[in-house]
Structure formats: C-alpha cells, structure tokens
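J.: First, the structure itself, so that you have it in front of you.
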Amino acid sequence: MKLLLLGYPQCKLLDYLNKHYLVTQTEEKIKLEDTINFDFIISFGYKHIISKNITEHFKNKIVNLHISYLPYNKGYHPNFWSFIDNTPKGVTIHLINDKIDDGEILIQKEVQFSKNEDTLLKTYNRLIEEIQDLFIQNCYNILNQKLKPFPQQGKGTFYFQKDIDNYLYLLNNQWNTKINYIMKNKKMTDLEIIDKIEKVRSKNNVNWMDVLRLAFTYAPNEARAIMAKINKDDSCISDLLKELSNNDK
C-alpha cells in the first residue's frame, strides 16, 4: 500500500509507517495530480487546506489526526482552547471533507492529564503522543476501512489562528505557561458571567423561599400583609417596564 503522509517530517508515526508501507511525506501544498498514485492519505500537522477534488477522489481513504476531542476545538490551537473553554481534552482521527476538522469520526480518545503535565507545552506533547499511538494501534483497521465512521455530535467549537490574539496576555511564558496561571487569570466571557449569575440567583431563590416558609410558619398574618405590599410594588414595576418597552413607539 502506498501512503502519502502530509505534515510533520519527523515523528513516531512516520517511523512506524516506513517500516510497513511505502510512504511519501510532504509539508507542501498538494494538487490532485500529486496524489493519484497513492492508495491512502494521512494528514498530521498539515498546514494547508486540502482541496475538494482531492477529498472527493479519495472519499473514505483520507484522514486527519487532530489533537482535540471533536467536535470541540476545531481549527487552530485546540489544546489551548480546551483549557480556556473547559471542554473535554482528547484526540480524534476523522475522515476529511471539504470543511476544516468537520468529517466523520473513525476513533477518538479522551485524555486526562497528570499533575506533572502542568504547562501548555507538556499537555500538547502528551496529545501528540496519544494521537500517534491511537493511529498505530488501529492502523490496519483505519487503512483497510474496517472502522465504521460516525458523525460528530453537537455544534462544538471552532477557532481561527487570530482568535488567540485576545488571550496573549495569558501566555506569560509562551507555551511553557502553567495551566494554573491561565485558569487563574483568564477573563470570563459574557456567557460565563451570565451562567455564574444564573447559578447565584438559583441559590438565592432557594434562600428566598426558605425565608418565606419561616415567615408563614411563625407569623402568617404579618407575612401576608408584607406579601401584599410586595405584590403591589411588583405590579407597579411591571407597569413601568411595559411603559419603558413601548417608550419609543
């Protein structure tokens, strides 16, 4: 079987494949005519978008090795975003279609980091090892199409290279930055703030109900009078909100 490996020029995966198959490796952007003599294409750390005519020609014989637990963190810097978004960490081998990191999944693995893997670089290196091991362990089934592809579940997340620019303040030691430093100093997004407000309010609603139960248990008449005043004021607020919402009409 003749394989085309796109991406890293030196890696454990290439060493393994060279022992068992006829392999050509390149980091250059390829055209369809460059690929027609190959039986299977593997993309691992490849920096170029593979054209649609190539993906259609190879169909289920072209795969990508991506160091995220898809559908989370498609695109650039998946390991970094898994910490920023607190999404599952892992690796995925998937079919390639005409979209980035969007094809059906052949196999994936969730990864838990040890206490010693405490920097972005260390966690990245672990994922690089895991994805190569996952391919090597399943090499025969992947190349001979013995694995049944399944679609990615859920919307997931996607990031462009430029998206990291707003978070460079966190990389105080570049990729050797400690994970704890990132988690401690990262600013919350609007949605994260809203989620926190929702959690606090839900707890406070329980407290409010407990106060209400105590009031009606030990001073029911006084409690009813207070609730009547609260209800009256709430009605006033409701009328004011209606007036506010119609104020520009």
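Naming scheme: A, B, ... for chains in displayed order of the structure tokens; residues 1 onward per chain; ligands 1 onward as shown.
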From a DSSP calculation on the backbone, collect every residue of region 32-210 of chain A in strand (DSSP E or B) and output the set as number ranges by chain.
T.: A: 40-44, 62-66, 74-75, 90-95, 105-110, 119, 150, 158-159, 172-175, 178
J.: Report as a Markdown table the residues of region 98-127 of chain A within 7 Å of region 143-159 of chain A, each with its shortest atom pair and distance in Å (one decimal), using only C-alpha atoms, ordered by chain and increasing residue number.
T.:
| residue | atom | partner | partner_atom | distance |
| --- | --- | --- | --- | --- |
| A:Glu104 | CA | A:Pro151 | CA | 4.5 |
| A:Ile105 | CA | A:Phe150 | CA | 5.3 |
| A:Leu106 | CA | A:Pro149 | CA | 4.8 |
J.: Write the residues you've just listed into a file as a short mmCIF file (atom, residue, chain, number, x, y, z; two decimals), in the first residue's frame, and include N, CA and C atoms for each of them.
T.:
data_model
loop_
_atom_site.label_atom_id
_atom_site.label_comp_id
_atom_site.auth_asym_id
_atom_site.auth_seq_id
_atom_site.Cartn_x
_atom_site.Cartn_y
_atom_site.Cartn_z
N GLU A 104 -16.53 12.88 9.45
CA GLU A 104 -16.98 11.84 10.37
C GLU A 104 -15.80 11.22 11.12
N ILE A 105 -16.08 10.82 12.34
CA ILE A 105 -15.04 10.31 13.24
C ILE A 105 -14.86 8.81 13.05
N LEU A 106 -13.59 8.39 13.00
CA LEU A 106 -13.26 6.97 12.97
C LEU A 106 -13.01 6.44 14.37
#
J.: Near Leu17 (chain A), counting only C-alpha atoms, which residues have an atom at most 12 Å away, once you skip same-chain residues fewer than 2 positions from it, shown as a VMD selection string?
T.: chain A and resid 1 to 5 10 to 15 19 to 25 42 132 135 to 137 139 to 140 143
J.: Keeping C-alpha atoms, export the residues of the selection given above as an mmCIF file, in the first residue's frame.
T.:
data_model
loop_
_atom_site.group_PDB
_atom_site.id
_atom_site.type_symbol
_atom_site.label_atom_id
_atom_site.label_comp_id
_atom_site.auth_asym_id
_atom_site.auth_seq_id
_atom_site.Cartn_x
_atom_site.Cartn_y
_atom_site.Cartn_z
ATOM 1 C CA MET A 1 0.000 0.000 0.000
ATOM 2 C CA LYS A 2 1.345 3.428 -0.968
ATOM 3 C CA LEU A 3 0.705 6.148 1.594
ATOM 4 C CA LEU A 4 1.006 9.917 1.411
ATOM 5 C CA LEU A 5 1.715 11.498 4.794
ATOM 6 C CA GLN A 10 9.849 13.740 11.754
ATOM 7 C CA CYS A 11 7.531 11.847 14.081
ATOM 8 C CA LYS A 12 6.928 8.441 15.584
ATOM 9 C CA LEU A 13 4.055 7.837 13.177
ATOM 10 C CA LEU A 14 6.271 8.298 10.112
ATOM 11 C CA ASP A 15 8.896 5.956 11.555
ATOM 12 C CA LYS A 19 8.599 0.020 8.431
ATOM 13 C CA HIS A 20 5.385 -1.393 6.982
ATOM 14 C CA TYR A 21 4.366 0.627 3.929
ATOM 15 C CA LEU A 22 5.682 2.665 1.034
ATOM 16 C CA VAL A 23 5.420 6.197 2.383
ATOM 17 C CA THR A 24 5.947 9.626 0.856
ATOM 18 C CA GLN A 25 5.950 12.584 3.240
ATOM 19 C CA ILE A 42 -2.900 10.740 6.174
ATOM 20 C CA GLN A 132 0.154 8.811 17.143
ATOM 21 C CA PHE A 135 -3.312 5.601 14.937
ATOM 22 C CA ILE A 136 -0.576 2.977 15.300
ATOM 23 C CA GLN A 137 -2.804 0.775 17.473
ATOM 24 C CA CYS A 139 -3.505 1.294 11.768
ATOM 25 C CA TYR A 140 -4.694 -1.857 9.997
ATOM 26 C CA LEU A 143 -6.118 1.806 6.299
#
J.: Expressed in Å to a single decimal, how great is the separation between CA of Asn172 (chain A) and CA of Thr119 (chain A)?
T.: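 Separation of CA of Asn172 (chain A) and CA of Thr119 (chain A): 11.5 Å.
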J.: Check the smallest atom-to-atom distance from each of A:Leu6, A:Ile179, A:Met227, A:Ile84 to Lys47 (chain A) using only C-alpha atoms, then report the winner.
T.: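 Once distances to Lys47 (chain A) are computed over only C-alpha atoms, the minimum belongs to A:Leu6.
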J.: Restricting the calculation to only C-alpha atoms: of A:Ile67, A:Ile41, A:Leu244, A:Leu171, which residue gets closest to Asn125 (chain A)?
T.: A:Ile67
